[in-house]
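Shown next: model_20.txt, containing compact mmCIF, C-alpha atoms.
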```txt
# COMPACT_ATOMS: atom_id res chain seq x y z
CA LYS U 13 0.00 0.00 0.00
CA SER U 14 2.85 2.36 0.84
CA ILE U 15 4.44 1.87 -2.58
CA ALA U 16 1.11 2.41 -4.33
CA LEU U 17 0.63 5.71 -2.51
CA SER U 18 4.14 6.86 -3.39
CA VAL U 19 4.11 5.92 -7.07
CA GLY U 20 4.46 9.04 -9.13
CA THR U 21 6.96 10.79 -6.93
CA PRO U 22 10.25 11.42 -8.75
CA GLN U 23 12.29 9.74 -6.02
CA LEU U 24 10.28 6.53 -6.03
CA THR U 25 10.13 6.42 -9.82
CA TRP U 26 13.92 6.72 -10.00
CA THR U 27 14.30 4.07 -7.29
CA LEU U 28 12.03 1.62 -9.12
CA THR U 29 13.99 2.08 -12.33
CA GLN U 30 17.30 1.51 -10.56
CA LEU U 31 16.01 -1.52 -8.66
CA GLY U 32 14.75 -3.02 -11.91
CA THR U 33 18.22 -2.59 -13.37
CA LEU U 34 19.72 -4.49 -10.44
CA TYR U 35 17.41 -7.42 -11.20
CA ALA U 36 18.23 -7.31 -14.91
CA GLN U 37 21.99 -6.99 -14.38
CA PRO U 38 22.81 -8.57 -11.03
CA VAL U 39 26.34 -8.52 -9.66
CA SER U 40 26.12 -12.28 -9.33
CA GLY U 41 23.62 -14.93 -10.31
CA ALA U 42 21.07 -15.00 -13.09
CA ALA U 43 19.05 -12.03 -14.26
CA ASP U 44 15.40 -11.92 -13.19
CA TYR U 45 13.73 -10.12 -16.07
CA GLY U 46 10.27 -10.75 -14.64
CA LYS U 47 11.00 -8.70 -11.52
CA ALA U 48 12.84 -6.09 -13.58
CA ARG U 49 9.86 -5.78 -15.93
CA LEU U 50 7.41 -5.33 -13.06
CA LEU U 51 9.49 -2.53 -11.54
CA TRP U 52 10.06 -0.85 -14.91
CA GLU U 53 6.33 -1.03 -15.65
CA LEU U 54 5.60 0.82 -12.41
CA ALA U 55 8.24 3.45 -13.17
CA GLY U 56 7.13 3.67 -16.81
CA ALA U 57 3.54 4.25 -15.73
CA SER U 58 4.85 7.32 -13.93
CA GLY U 59 6.51 8.48 -17.14
CA ASP U 60 10.12 7.48 -16.53
CA ALA U 61 11.76 7.52 -19.98
CA MET U 62 14.62 5.24 -18.96
CA ALA U 63 12.25 2.58 -17.63
CA LEU U 64 10.28 2.76 -20.88
CA CYS U 65 13.50 2.27 -22.87
CA PHE U 66 14.41 -0.73 -20.73
CA LEU U 67 10.95 -2.21 -21.37
CA GLY U 68 11.45 -1.65 -25.08
CA ALA U 69 14.75 -3.52 -24.91
CA LEU U 70 13.11 -6.47 -23.13
CA TYR U 71 10.59 -6.84 -25.94
CA GLU U 72 13.11 -6.13 -28.70
CA HIS U 73 15.40 -8.90 -27.48
CA GLY U 74 12.85 -11.27 -25.95
CA LEU U 75 14.28 -11.07 -22.44
CA GLY U 76 11.73 -12.61 -20.09
CA VAL U 77 8.92 -11.80 -22.52
CA LYS U 78 7.88 -12.95 -25.97
CA ARG U 79 9.93 -11.02 -28.53
CA SER U 80 7.79 -8.33 -30.14
CA ASN U 81 9.02 -5.46 -32.28
CA ARG U 82 5.54 -3.94 -32.07
CA GLU U 83 5.63 -3.83 -28.26
CA ALA U 84 9.23 -2.60 -28.32
CA LEU U 85 8.34 0.19 -30.73
CA GLY U 86 5.50 1.34 -28.51
CA TYR U 87 7.76 1.55 -25.46
CA TYR U 88 10.54 3.29 -27.37
CA GLN U 89 8.12 5.85 -28.80
CA ARG U 90 6.66 6.56 -25.36
CA ALA U 91 10.20 6.94 -24.01
CA LYS U 92 11.10 9.40 -26.75
CA ALA U 93 7.98 11.44 -26.00
CA ARG U 94 9.08 11.62 -22.33
CA GLY U 95 12.61 12.82 -23.12
CA GLY U 96 14.17 9.66 -24.50
CA CYS U 97 17.25 7.71 -23.60
CA THR U 98 20.57 6.95 -25.26
CA ASP U 99 20.10 5.94 -28.90
CA VAL U 100 16.31 5.82 -28.71
CA ASP U 101 16.09 6.95 -32.33
CA SER U 102 18.31 4.04 -33.40
CA ALA U 103 16.19 1.65 -31.34
CA ILE U 104 13.03 2.92 -33.01
CA ALA U 105 14.59 2.46 -36.45
CA ARG U 106 15.72 -1.10 -35.59
CA VAL U 107 12.32 -2.33 -34.48
CA ARG U 108 10.49 -0.64 -37.35
CA ASN U 109 12.38 -2.78 -39.87
```
Structure translated into structure tokens:
Amino acid sequence: KSIALSVGTPQLTWTLTQLGTLYAQPVSGAADYGKARLLWELAGASGDAMALCFLGALYEHGLGVKRSNREALGYYQRAKARGGCTDVDSAIARVRN
């Protein structure tokens, strides 16, 4: 309940994005893309461009989800509209082809 009430604050959104990254790229052990996706979806729902880019990458590469250029494109376009991330234009071009 506490997290649900705090979603939307810049600090929590940033924290969710960073925590998702720790699950996707752990220091040791296997990546848990399911947990990363959940956290990035929460941050993305608050408009975090980086989380949206990460979600696009999951779908582009089929990491923990069924590979889908259509889903990836949607996330990349939403990310770009929110300020983008590194190479978002290249990512959009890749999944459009």
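The spacing separating atom CA of Thr29 of chain U from atom CA of Asn109 of chain U amounts to 28.0 Å.
For the atom pair formed by atom CA of Gln37 of chain U and atom CA of Ala93 of chain U, the distance is 25.9 Å, given to one decimal.
Using all atoms listed in the file for every distance, the candidate list U:Val100, U:Leu67, U:Leu50, U:Val77 yields U:Leu50 as the residue closest to Leu31 of chain U.
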| Contacts of Gly96 of chain U within 12 Å, all atoms listed in the file, excl. fewer than 4 positions in-chain, as a ChimeraX atom specification | /U:59-66,68,87-92,100-104
Kindly extract all protein, DNA and RNA residues lying within 10 Å of the coordinates (4.9, -2.4, -30.1) given in the file, considering only C-alpha atoms, and supply them as a compact mmCIF listing (two decimals) with C-alpha atoms, keeping the file's coordinate frame.
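Saved the output as part-v3.txt:
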```txt
# COMPACT_ATOMS: atom_id res chain seq x y z
CA GLY U 68 11.45 -1.65 -25.08
CA TYR U 71 10.59 -6.84 -25.94
CA GLU U 72 13.11 -6.13 -28.70
CA SER U 80 7.79 -8.33 -30.14
CA ASN U 81 9.02 -5.46 -32.28
CA ARG U 82 5.54 -3.94 -32.07
CA GLU U 83 5.63 -3.83 -28.26
CA ALA U 84 9.23 -2.60 -28.32
CA LEU U 85 8.34 0.19 -30.73
CA GLY U 86 5.50 1.34 -28.51
CA TYR U 87 7.76 1.55 -25.46
CA TYR U 88 10.54 3.29 -27.37
CA GLN U 89 8.12 5.85 -28.80
CA VAL U 107 12.32 -2.33 -34.48
CA ARG U 108 10.49 -0.64 -37.35
```
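Minimum atom-to-atom distances from U:Ser58, U:Arg106, U:Leu70, U:Thr27 to Asp44 of chain U were compared using all atoms listed in the file, and the lowest value belongs to U:Leu70.
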One decimal place gives the atom CA of Tyr45 of chain U-atom CA of Asp99 of chain U separation as 21.5 Å
